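Input: a single structure, listed below in structure tokens.
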Amino acid sequence: MRGKQYVGESIDVYYDVSLCVHAAECVRGLPEVFDTKRKPWILPDGAEAPDVATVIERCPSGALQFVRKDGGDAEEPDVPTSVKLNDWQQIEVRGDLQIEQGDEIISTYRATLCGCGQSGKRPICDHSGACKG
């Protein structure tokens with residue numbers, strides 16, 4: 001898993017700020033777990049593990065990931081892979097992904113790619129171009 005780890009009793013949450021496009025699915029979905037005005041901003045035990053996992057799976061960028069420690073289901077990739085252009089001209093991709101970014105390979109099930117060509121982190125969207133939202 002990439003990013004900072006937030007340890008919970010039943011689920012661990014990982015957050016990679018370099019992938020986040022601030023879609024806010026997490027803070028809208030479970031504000032008791034995800035609150036950007038609080039330190040730490042993620043409290044994995046603020047809700048039941050299945051609910052935390054469900055909200056994380058809605059994160060379009062893959063910036064949030066999880067590991068269940070309660071025997072619950074791990075995230076599975078979408079089959080077949082799906083590609084969607086969102087309202088901000090970002091390309092949302094879901095599936096078993098291997099994304100080349102410079103010398104790095106990002107393995108994920110969810111990603112938000114640059115649709116405007118202006119990202120400094122291409123192919124990952126960084127909100128630097130027309131897709132600022």
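Residue numbers start at 1 in each chain; chains themselves are named A, B, ... in the order of the structure tokens; ligands are numbered from 1 in the order shown.
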Distance query stretch 19-21 of chain A at most 9 Å, only C-alpha atoms, self and fewer than 6 positions along chain excluded, as a ChimeraX atom specification: /A:59-64,111-112,124-127
Those residues with C-alpha atoms, as a compact mmCIF listing (two decimals), in the first residue's frame please?
```txt
# COMPACT_ATOMS: atom_id res chain seq x y z
CA CYS A 59 -12.71 7.34 -4.14
CA PRO A 60 -12.14 7.83 -7.88
CA SER A 61 -8.41 8.54 -7.67
CA GLY A 62 -7.24 5.56 -5.64
CA ALA A 63 -5.67 7.95 -3.12
CA LEU A 64 -7.51 6.03 -0.39
CA ALA A 111 -7.19 6.18 -10.84
CA THR A 112 -8.03 9.66 -12.08
CA ILE A 124 -2.20 11.29 -13.05
CA CYS A 125 -4.38 14.42 -12.73
CA ASP A 126 -3.01 17.11 -10.38
CA HIS A 127 -5.63 19.84 -10.99
```
Residues within 8 Å of A:Leu30, only C-alpha atoms, excluding chain neighbours under 5 positions, as a VMD selection string: chain A and resid 47 52 55
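Nearest to A:Asp70 of all the residues A:Glu48, A:Asp16, A:Asp96, A:Glu104 is A:Glu48, based on only C-alpha atoms.
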Residues within 10 Å of A:Asp45, only C-alpha atoms, excluding chain neighbours under 5 positions, as a count of residues only: 10
In chain A, DSSP alpha helix (DSSP H) residues written as a list in words: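 Listing alpha helix (DSSP H) positions across chain A yields Glu25, Cys26, Val27, Arg28, Gly29, Ala49, Pro50, Asp51, Val52, Ala53, Thr54, Val55, Ile56 and Glu57 of chain A.
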Residue set, stretch 11-115 of chain A restricted to strand (DSSP E), as a ChimeraX atom specification: /A:11-15,64-68,82-85,91-101,104-113
Kindly export the residues of the current selection with C-alpha atoms, as a PDB file, in the first residue's frame.
```pdb
ATOM      1  CA  ILE A  11      -9.466  -1.764   9.118  1.00  0.00           C
ATOM      2  CA  ASP A  12      -6.321   0.149   8.222  1.00  0.00           C
ATOM      3  CA  VAL A  13      -6.660   3.102   5.846  1.00  0.00           C
ATOM      4  CA  TYR A  14      -3.892   4.361   3.554  1.00  0.00           C
ATOM      5  CA  TYR A  15      -3.875   7.830   2.019  1.00  0.00           C
ATOM      6  CA  LEU A  64      -7.511   6.029  -0.393  1.00  0.00           C
ATOM      7  CA  GLN A  65      -6.911   2.309   0.035  1.00  0.00           C
ATOM      8  CA  PHE A  66      -7.693  -0.116   2.849  1.00  0.00           C
ATOM      9  CA  VAL A  67      -6.728  -3.419   4.407  1.00  0.00           C
ATOM     10  CA  ARG A  68      -9.448  -5.266   6.320  1.00  0.00           C
ATOM     11  CA  SER A  82     -14.053   0.880 -17.084  1.00  0.00           C
ATOM     12  CA  VAL A  83     -13.039   4.312 -18.401  1.00  0.00           C
ATOM     13  CA  LYS A  84     -15.208   7.401 -17.913  1.00  0.00           C
ATOM     14  CA  LEU A  85     -14.721  11.098 -18.631  1.00  0.00           C
ATOM     15  CA  ILE A  91     -10.491  10.373 -16.970  1.00  0.00           C
ATOM     16  CA  GLU A  92     -11.680   8.003 -14.243  1.00  0.00           C
ATOM     17  CA  VAL A  93     -10.377   4.467 -14.701  1.00  0.00           C
ATOM     18  CA  ARG A  94     -11.307   1.355 -12.679  1.00  0.00           C
ATOM     19  CA  GLY A  95      -9.840  -2.111 -13.089  1.00  0.00           C
ATOM     20  CA  ASP A  96      -6.592  -3.971 -12.410  1.00  0.00           C
ATOM     21  CA  LEU A  97      -4.332  -1.061 -13.347  1.00  0.00           C
ATOM     22  CA  GLN A  98      -0.587  -0.661 -13.844  1.00  0.00           C
ATOM     23  CA  ILE A  99       0.105   3.033 -14.482  1.00  0.00           C
ATOM     24  CA  GLU A 100       3.538   4.169 -15.632  1.00  0.00           C
ATOM     25  CA  GLN A 101       4.495   7.520 -14.126  1.00  0.00           C
ATOM     26  CA  GLU A 104       7.469   4.367 -11.203  1.00  0.00           C
ATOM     27  CA  ILE A 105       4.689   1.829 -11.702  1.00  0.00           C
ATOM     28  CA  ILE A 106       1.517   2.534  -9.741  1.00  0.00           C
ATOM     29  CA  SER A 107      -0.545  -0.605  -9.103  1.00  0.00           C
ATOM     30  CA  THR A 108      -4.123   0.269  -8.210  1.00  0.00           C
ATOM     31  CA  TYR A 109      -7.759  -0.518  -8.921  1.00  0.00           C
ATOM     32  CA  ARG A 110      -8.833   3.140  -9.261  1.00  0.00           C
ATOM     33  CA  ALA A 111      -7.194   6.183 -10.840  1.00  0.00           C
ATOM     34  CA  THR A 112      -8.034   9.659 -12.082  1.00  0.00           C
ATOM     35  CA  LEU A 113      -5.994  10.528 -15.141  1.00  0.00           C
TER      36      LEU A 113
END
```
Closest of A:Arg28, A:Gln5, A:Ala23, A:Cys116 to A:Pro40 - atom-to-atom distances counting only C-alpha atoms: A:Gln5
Selected residue of minimal separation from A:Glu57 among A:Ile42, A:Lys69, A:Asp87, A:Glu25, counting only C-alpha atoms: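 Residue with the minimum atom-to-atom distance to A:Glu57: A:Glu25.
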Find the residues near A:Phe34: any atom within 9 Å, counting only C-alpha atoms, skip ones fewer than 5 places away on the same chain, and give them as a PDB file with N, CA and C atoms, in the first residue's frame.
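Resulting contents of selection16.pdb:
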```pdb
ATOM      1  N   CYS A  26     -15.003  10.806   0.304  1.00  0.00           N
ATOM      2  CA  CYS A  26     -14.758  10.323   1.666  1.00  0.00           C
ATOM      3  C   CYS A  26     -15.421  11.223   2.708  1.00  0.00           C
ATOM      4  N   VAL A  27     -15.189  12.532   2.634  1.00  0.00           N
ATOM      5  CA  VAL A  27     -15.735  13.434   3.653  1.00  0.00           C
ATOM      6  C   VAL A  27     -17.255  13.544   3.565  1.00  0.00           C
ATOM      7  N   ARG A  28     -17.806  13.427   2.367  1.00  0.00           N
ATOM      8  CA  ARG A  28     -19.269  13.413   2.226  1.00  0.00           C
ATOM      9  C   ARG A  28     -19.849  12.080   2.676  1.00  0.00           C
ATOM     10  N   GLY A  29     -19.119  11.003   2.420  1.00  0.00           N
ATOM     11  CA  GLY A  29     -19.628   9.671   2.708  1.00  0.00           C
ATOM     12  C   GLY A  29     -19.588   9.278   4.168  1.00  0.00           C
ATOM     13  N   TRP A  41      -6.780  13.401  10.358  1.00  0.00           N
ATOM     14  CA  TRP A  41      -8.014  13.620   9.607  1.00  0.00           C
ATOM     15  C   TRP A  41      -8.757  12.331   9.297  1.00  0.00           C
ATOM     16  N   ILE A  42      -8.088  11.183   9.463  1.00  0.00           N
ATOM     17  CA  ILE A  42      -8.741   9.889   9.246  1.00  0.00           C
ATOM     18  C   ILE A  42      -8.744   9.109  10.557  1.00  0.00           C
ATOM     19  N   LEU A  43      -9.934   8.704  11.010  1.00  0.00           N
ATOM     20  CA  LEU A  43     -10.111   7.853  12.184  1.00  0.00           C
ATOM     21  C   LEU A  43     -10.811   6.571  11.734  1.00  0.00           C
ATOM     22  N   PRO A  44     -10.047   5.526  11.382  1.00  0.00           N
ATOM     23  CA  PRO A  44     -10.648   4.303  10.828  1.00  0.00           C
ATOM     24  C   PRO A  44     -11.714   3.669  11.714  1.00  0.00           C
ATOM     25  N   GLY A  46     -13.976   5.207  13.370  1.00  0.00           N
ATOM     26  CA  GLY A  46     -15.124   6.092  13.496  1.00  0.00           C
ATOM     27  C   GLY A  46     -16.404   5.516  12.922  1.00  0.00           C
TER      28      GLY A  46
END
```
Proximity to A:Gly102 - best of A:Gly3, A:Lys39, A:Pro80, A:Pro123, only C-alpha atoms: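 Distance minimum relative to A:Gly102 lands on A:Pro123.
If you count only C-alpha atoms and ignore residues fewer than 4 places along the chain from A:Gly129, what sits within 10 Å of it is Cys114, Gly115, Cys116, Gly117, Gln118, Ser119, Gly120, Cys125 and Gly133 of chain A.
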Let me see the file: selected residues, N, CA, C and O atoms, as a PDB file, in the first residue's frame.
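Result file is part.pdb:
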```pdb
ATOM      1  N   CYS A 114      -5.245  12.573 -16.163  1.00  0.00           N
ATOM      2  CA  CYS A 114      -5.360  13.910 -16.735  1.00  0.00           C
ATOM      3  C   CYS A 114      -6.064  13.840 -18.081  1.00  0.00           C
ATOM      4  O   CYS A 114      -5.680  13.069 -18.954  1.00  0.00           O
ATOM      5  N   GLY A 115      -7.090  14.665 -18.233  1.00  0.00           N
ATOM      6  CA  GLY A 115      -7.799  14.741 -19.504  1.00  0.00           C
ATOM      7  C   GLY A 115      -7.483  16.002 -20.286  1.00  0.00           C
ATOM      8  O   GLY A 115      -7.866  16.136 -21.442  1.00  0.00           O
ATOM      9  N   CYS A 116      -6.750  16.934 -19.647  1.00  0.00           N
ATOM     10  CA  CYS A 116      -6.489  18.213 -20.314  1.00  0.00           C
ATOM     11  C   CYS A 116      -5.050  18.336 -20.818  1.00  0.00           C
ATOM     12  O   CYS A 116      -4.734  19.245 -21.570  1.00  0.00           O
ATOM     13  N   GLY A 117      -4.171  17.431 -20.385  1.00  0.00           N
ATOM     14  CA  GLY A 117      -2.782  17.462 -20.830  1.00  0.00           C
ATOM     15  C   GLY A 117      -1.894  18.427 -20.071  1.00  0.00           C
ATOM     16  O   GLY A 117      -0.723  18.576 -20.402  1.00  0.00           O
ATOM     17  N   GLN A 118      -2.407  19.073 -19.019  1.00  0.00           N
ATOM     18  CA  GLN A 118      -1.637  20.083 -18.299  1.00  0.00           C
ATOM     19  C   GLN A 118      -1.037  19.595 -16.982  1.00  0.00           C
ATOM     20  O   GLN A 118      -0.310  20.335 -16.325  1.00  0.00           O
ATOM     21  N   SER A 119      -1.316  18.376 -16.574  1.00  0.00           N
ATOM     22  CA  SER A 119      -0.842  17.874 -15.291  1.00  0.00           C
ATOM     23  C   SER A 119       0.677  17.766 -15.245  1.00  0.00           C
ATOM     24  O   SER A 119       1.311  17.318 -16.198  1.00  0.00           O
ATOM     25  N   GLY A 120       1.246  18.146 -14.133  1.00  0.00           N
ATOM     26  CA  GLY A 120       2.680  17.960 -13.904  1.00  0.00           C
ATOM     27  C   GLY A 120       3.003  16.542 -13.462  1.00  0.00           C
ATOM     28  O   GLY A 120       4.171  16.188 -13.334  1.00  0.00           O
ATOM     29  N   CYS A 125      -3.889  13.041 -12.793  1.00  0.00           N
ATOM     30  CA  CYS A 125      -4.379  14.423 -12.732  1.00  0.00           C
ATOM     31  C   CYS A 125      -3.879  15.092 -11.456  1.00  0.00           C
ATOM     32  O   CYS A 125      -3.900  14.487 -10.380  1.00  0.00           O
ATOM     33  N   GLY A 133     -11.915  22.037 -11.763  1.00  0.00           N
ATOM     34  CA  GLY A 133     -13.217  21.750 -11.158  1.00  0.00           C
ATOM     35  C   GLY A 133     -13.873  22.935 -10.529  1.00  0.00           C
ATOM     36  O   GLY A 133     -13.507  24.037 -10.555  1.00  0.00           O
TER      37      GLY A 133
END
```
